[in-house]
Each structure stands twice: as structure tokens, then as C-alpha cells.
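In what follows, a structure is listed as C-alpha cells, so that the remarks can point back to it.
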Amino acid sequence: MTKASPSNYTKTGPISYIPNETSAQVRQRNMNESLLTFPKGGVHPPEAKELTEHSAVESLPIPEEVEILLNQHFGAPCNPLVNKKDLVVEGDVIGNVEKGLGAAIHASVTGTVKAIGVSAHPIAVKAPSVTIQTDPSAEPRAWPASDWKALSRDELLGRVKNAGIVGIGGAGFPTHIKLSPPSNAKVDTLILNGAECEPYLTTDHRLMLEHPEKVIEGASILLSILGIKECRIGIEANKPDAIDAMKTACNKASSNGFKVTVSPLKVKYPQGSEKQLIQSITGRRVPGFGLPFDVGVIVQNVGTAKAIYDAVVLQKPLYEKIVTVSGRGIARTANLLVRIGTRISDIVSFLGGTTSGLAKVVLGGPMMGFAISTLDIPVTKTTSGILFLTEGEIDARPYSQCIRCGWCLEACPMGLLPNEIGVYVEAGRAGDTSPFGVFECFECGCCAFACPAKRPLVQFIRLAKMKAKK
């Protein structure tokens, strides 16, 4: 990414919302308008959202075969429930977790099980998988809508669990568990995360523009499950059209006895991080090692809300999702509705291949994503973006020693000491970094972005966590 300086941190003033303005024009206007934000740290990396923010979602043709990973969530991998040569129908359960945390996995296509084996995984390197050969003659499965308002809380929660929904924002935590906080937790507020603060990514933006009513109905279902009335939707102010669309949709939900409102947020990364989002919107600060329900809040991504609508109203499992494919290293950028298990190579072929300047492929956003070395990795429930970056979009310069400038301390939204963690790791003392807050770090990358010495602070922190746990 572009080298940072202290002036990058919080100088993007508040923005008002006039349709058809560019993001740059919006950010220059109405500097006195009040927008919500968190008080500590943050950076403003180049957004690069103009590559796809005006691209309507299009459906990727169903591939000839899919590789569906059985580890797409926080917790243990699923056990396969099918065998080789079995016939499966789009939406059938093909994997489940018997004990512990997990979420069901469903067939994303109709066809024949080709193999039960192991496939490339973006983080775990390899993971168990089910490969399905698609039946090209199969008709798309219909999912008729039904009224959910007479269903009990347990019935609603059961539909969410049966659909295999996890946090689509990236964490992959099973949603039915998150919606069952301890009985002593006094939850009073639901927050929908529509900030989408990562550069390049525009999936949530397009979802809020194209399906605002379904997102809001998903919010109503969430409020019914939680037994509360108030929902606030956080959206960064560089999405004025999405803010307008969601405000319009909120009026209908609010007339049904719920209080659903939009909270425009200042454009500052990592505005979409759970703890920062809660502090921006409610002013409540989640304690160190605490969870949102400790301060009376449950947070869900807007994409998860849409998936909950599908699960409860249509009884449709989570087996497809919107993915942003962007960067100047791909022939055509797009927001694609993709079946889970589709290989990245099939997406590249559909979009016309890569360009000669391609330097790096990143799964996710540039700040928290992972560089990958093969295009044979399949899309999962938590895949938000695939970035094809050129030399001009990355900073490949070698890093140097810490110069004690303190920029990483200013940038860290958690108030940690990433410089000390890095120095200790280099000194072979990674296991001694707990006092510097290594376990409170959520690896947002602000410190590495701000560092003028280009030190790989996130990688140092990951190594420190690993060593400290041992």
C-alpha cells in the first residue's frame, strides 16, 4: 500500500450524503457535519473502491465442479455426511459438527460427489473437503418465501443453525451461538456492521444498495431472536447511496415496533472492527479480553443479516455469497455472486484472465487478507474479496530496523505497543510479549501501514502469539 505519514490518520473530514457524487467529492464537503468514530488511532489507506463500487452484482456461471471445504468456520471441521458417487441436490447438508463449535456445510450445486479428500485452504494450508461434479441439466432449486412472524425464538434460531450461517464479515463464528448470549448478559442493542472499511471491498455496499429490504428484514428477525427492540446500522460515509437506501428501508421496520436506524460513520480504518464499531456507535468500550455482550451489544455483518433473511424466510442454506474481485491485475473487476466451493481459477477465467503486471493475489482485503500462491483455492463462506494487485498497488520494499518514531503507537486503535512486540520477536523473546498487549491485537494492520520502516509488524505479532501460547 502507499507509504503513510501522520497526516493520513484522521484528516478525512465528515461527509454528507448526496447521490451521484464521487467518494472524493463527498469527503471534501460539509466538514462540519458530525459523524461517529472511535477516539484512538486508525489510519486512512487509499480506498480503491472506485474499481467496483458502481458494479452491480452479477451471478458467476455454475462451474463444472466445486471443492467445498469442511472447515469454513471458527471451530472444528465438519464430518462429511456423504460418500463418493452419492447424488446431492443444491442445498443438501453434506457436513456437520457433532460436538463443539461449528456450522453445517451444504452442497452448493446439484451433482455427484466426485471425491472426499483434502483441498487447499487459504489459512490452514490444507483442509478436508467434498468435491462435487455439477449436473449441467439440473434445474435451479426453488426457495419459496413464508411468513416467519408466528415462529418462536427457538424455531427462528433453529432455522439459522440449520442454514449453517457464520459471520460473513470474516471471523466465521457460528451465528446461532452468537445469538445465544449467557442468560446474565443484558443485551439491549443490535448493531449491523455495514462499515466495510477495508480498501477495494464493495460487497456490503452493493448488498445494501440492491437488497436493503432483505437486510432490514434480517435485522428484524435478529431482534426477534434476541428479544430486543433497537438496531443501529453503521455505514461509513463514503457510501452515501447505501446510507440513503438503508434509511428508506429502515422506516418500514421501525413501523413494526422495532427501532432501526442508520448511524453514518467517519471514514477511518478499522471502523468496521467489532470493538471500534461498538465504541463509535454507542460510546461503550468493550473491556480487554471482553466480548460485545459484556456491554449489552450484539454485532452482525449486513451480509449475515441477509443470510438470516434467506435462512428464515426462504429456508435457504448459506451456499453462495457476494465476492468483490478487484485490483489492476485482473482483466475485469466485478462483484460476483459465487457458489461456495468455486475455485478462484474459475473466477479468473470468467473475468478474462490476469494482466501482465500482476504481482500478488490476496484473499480478503489488503489490510487483513492473506496472500495466496495458487488459484486452486476454493471460495468459502467468509471470502469477502479476491484482489489481483500490481507492483503499483503494493509496497515490496525491504523493511529496516525500528526507528522509534512512534507512528505505530498513534495508529493502533487498541492502544498497544506493536513496536516493542516486533523488537522482542527479533530478539528471540516472542514468548515475553504479553505485557505489550499481544493477545488483545486483532491484527488490523494499522501499525504496519503506518510504519515508515515498513516493518512486518502483523507477522511479528502472529509469531509472538504462537510462541506465547506455547
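FYI, nothing fancy with the C-alpha cells labels: chains A, B, ... in order, residues from 1 per chain, ligands from 1 as they appear.
Neighbouring residues of range 188-197 of chain A at 6 Å or closer, counting only C-alpha atoms and skipping chain neighbours under 6 positions away, are Ile228, Glu230, Cys231, Arg232, Ile233, Gly234, Ile235, Glu236, Tyr269, Gln271, Gly272, Gly296, Val297, Ile298, Val299, Gln300, Asn301 and Val302 of chain A.
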For Lys229 in chain A: contacts at 8 Å, only C-alpha atoms, fewer than 4 positions along chain excluded, given as a PyMOL selection string: chain A and resi 188-189+223-224+257-259
So which bits of range 345-440 of chain A end up strand (DSSP E) when you DSSP the backbone, as a short mmCIF file (atom, residue, chain, number, x, y, z; two decimals) with C-alpha atoms, in the first residue's frame?
```cif
data_model
loop_
_atom_site.label_atom_id
_atom_site.label_comp_id
_atom_site.auth_asym_id
_atom_site.auth_seq_id
_atom_site.Cartn_x
_atom_site.Cartn_y
_atom_site.Cartn_z
CA LEU A 358 0.11 -8.95 -11.64
CA ALA A 359 2.40 -9.09 -8.60
CA LYS A 360 0.31 -10.53 -5.76
CA VAL A 361 -3.05 -12.23 -5.17
CA VAL A 362 -4.72 -11.53 -1.82
CA LEU A 363 -7.74 -13.31 -0.39
CA PHE A 370 -3.79 -13.28 3.16
CA ALA A 371 -1.55 -13.54 0.12
CA ILE A 372 -2.04 -16.84 -1.71
CA GLY A 385 -12.79 -10.39 -1.79
CA ILE A 386 -10.08 -11.60 -4.14
CA LEU A 387 -7.55 -8.93 -5.05
CA PHE A 388 -5.17 -9.08 -8.01
CA LEU A 389 -2.60 -6.42 -7.22
CA THR A 390 0.12 -4.97 -9.43
#
```
Counting only C-alpha atoms, the residue among A:Pro140, A:Gly437, A:Pro270, A:Gly329 that lies closest to Lys40 in chain A is A:Pro270
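Comparing A:Lys465, A:Lys268, A:His44, A:Arg343 by their smallest distance to His121 in chain A, the closest is A:Arg343 (using only C-alpha atoms).
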Just want the 6 Å neighbourhood of range 171-185 of chain A, counted on only C-alpha atoms, with same-chain residues fewer than 6 positions away dropped. Output as a PyMOL selection string. chain A and resi 73-74+103+161+165
Residues as selected, C-alpha atoms, written as a tab-separated table (two decimals), in the first residue's frame, can you do that?
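out-v5.tsv was written with the following content:
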```
chain	number	residue	atom	x	y	z
A	73	HIS	CA	-15.95	-21.57	10.41
A	74	PHE	CA	-14.46	-20.93	13.84
A	103	ALA	CA	-21.76	-24.91	11.45
A	161	LYS	CA	-28.49	-23.12	12.73
A	165	ILE	CA	-24.75	-19.39	8.89
```
message: Residues near Cys441 in chain A, anyone? I mean within 8 Å using only C-alpha atoms, not counting same-chain ones fewer than 2 positions away, as a VMD selection string.
response: chain A and resid 414 416 437 to 439 443 to 444 461
Keeping N, CA and C atoms, export the residues of the selection given above as a PDB file, in the first residue's frame.
```
ATOM      1  N   MET A 414      -6.149  -0.075  19.460  1.00  0.00           N
ATOM      2  CA  MET A 414      -6.282  -0.725  20.759  1.00  0.00           C
ATOM      3  C   MET A 414      -5.334  -0.156  21.800  1.00  0.00           C
ATOM      4  N   LEU A 416      -2.002  -0.449  21.888  1.00  0.00           N
ATOM      5  CA  LEU A 416      -0.983  -1.439  22.230  1.00  0.00           C
ATOM      6  C   LEU A 416       0.418  -0.918  21.871  1.00  0.00           C
ATOM      7  N   GLY A 437       0.438  -6.342  25.183  1.00  0.00           N
ATOM      8  CA  GLY A 437      -0.907  -6.450  24.631  1.00  0.00           C
ATOM      9  C   GLY A 437      -1.037  -7.331  23.423  1.00  0.00           C
ATOM     10  N   VAL A 438      -0.125  -8.281  23.234  1.00  0.00           N
ATOM     11  CA  VAL A 438      -0.150  -9.076  22.000  1.00  0.00           C
ATOM     12  C   VAL A 438      -1.463  -9.837  21.822  1.00  0.00           C
ATOM     13  N   PHE A 439      -2.068 -10.291  22.927  1.00  0.00           N
ATOM     14  CA  PHE A 439      -3.300 -11.079  22.807  1.00  0.00           C
ATOM     15  C   PHE A 439      -4.550 -10.210  22.647  1.00  0.00           C
ATOM     16  N   GLU A 443      -5.045  -7.791  14.750  1.00  0.00           N
ATOM     17  CA  GLU A 443      -4.276  -7.867  13.506  1.00  0.00           C
ATOM     18  C   GLU A 443      -4.888  -7.041  12.385  1.00  0.00           C
ATOM     19  N   CYS A 444      -5.282  -5.805  12.717  1.00  0.00           N
ATOM     20  CA  CYS A 444      -5.901  -4.931  11.719  1.00  0.00           C
ATOM     21  C   CYS A 444      -4.899  -4.404  10.707  1.00  0.00           C
ATOM     22  N   ILE A 461       3.560 -10.050  15.218  1.00  0.00           N
ATOM     23  CA  ILE A 461       2.547 -10.261  16.255  1.00  0.00           C
ATOM     24  C   ILE A 461       1.969 -11.675  16.172  1.00  0.00           C
TER      25      ILE A 461
END
```
I need the residues in range 131-346 of chain A that are alpha helix (DSSP H) according to DSSP; give them as a PyMOL selection string. chain A and resi 153-162+175-178+203-210+212-226+240-254+274-282+302-309+344-346
Within 7 Å of Asp92 in chain A, counting only C-alpha atoms, which residues show up once you throw out same-chain ones fewer than 2 positions away? Write them as a ChimeraX atom specification, please. /A:88-90,94,106-107
Could you take the residues named above and write them with C-alpha atoms, as an mmCIF file, in the first residue's frame?
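Generated output (selection33.cif):
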```
data_model
loop_
_atom_site.group_PDB
_atom_site.id
_atom_site.type_symbol
_atom_site.label_atom_id
_atom_site.label_comp_id
_atom_site.auth_asym_id
_atom_site.auth_seq_id
_atom_site.Cartn_x
_atom_site.Cartn_y
_atom_site.Cartn_z
ATOM 1 C CA VAL A 88 -26.660 -34.476 -3.940
ATOM 2 C CA VAL A 89 -29.072 -31.623 -4.565
ATOM 3 C CA GLU A 90 -28.277 -27.923 -4.192
ATOM 4 C CA ILE A 94 -23.058 -32.623 3.287
ATOM 5 C CA HIS A 106 -24.305 -27.611 2.323
ATOM 6 C CA ALA A 107 -23.963 -28.616 -1.313
#
```
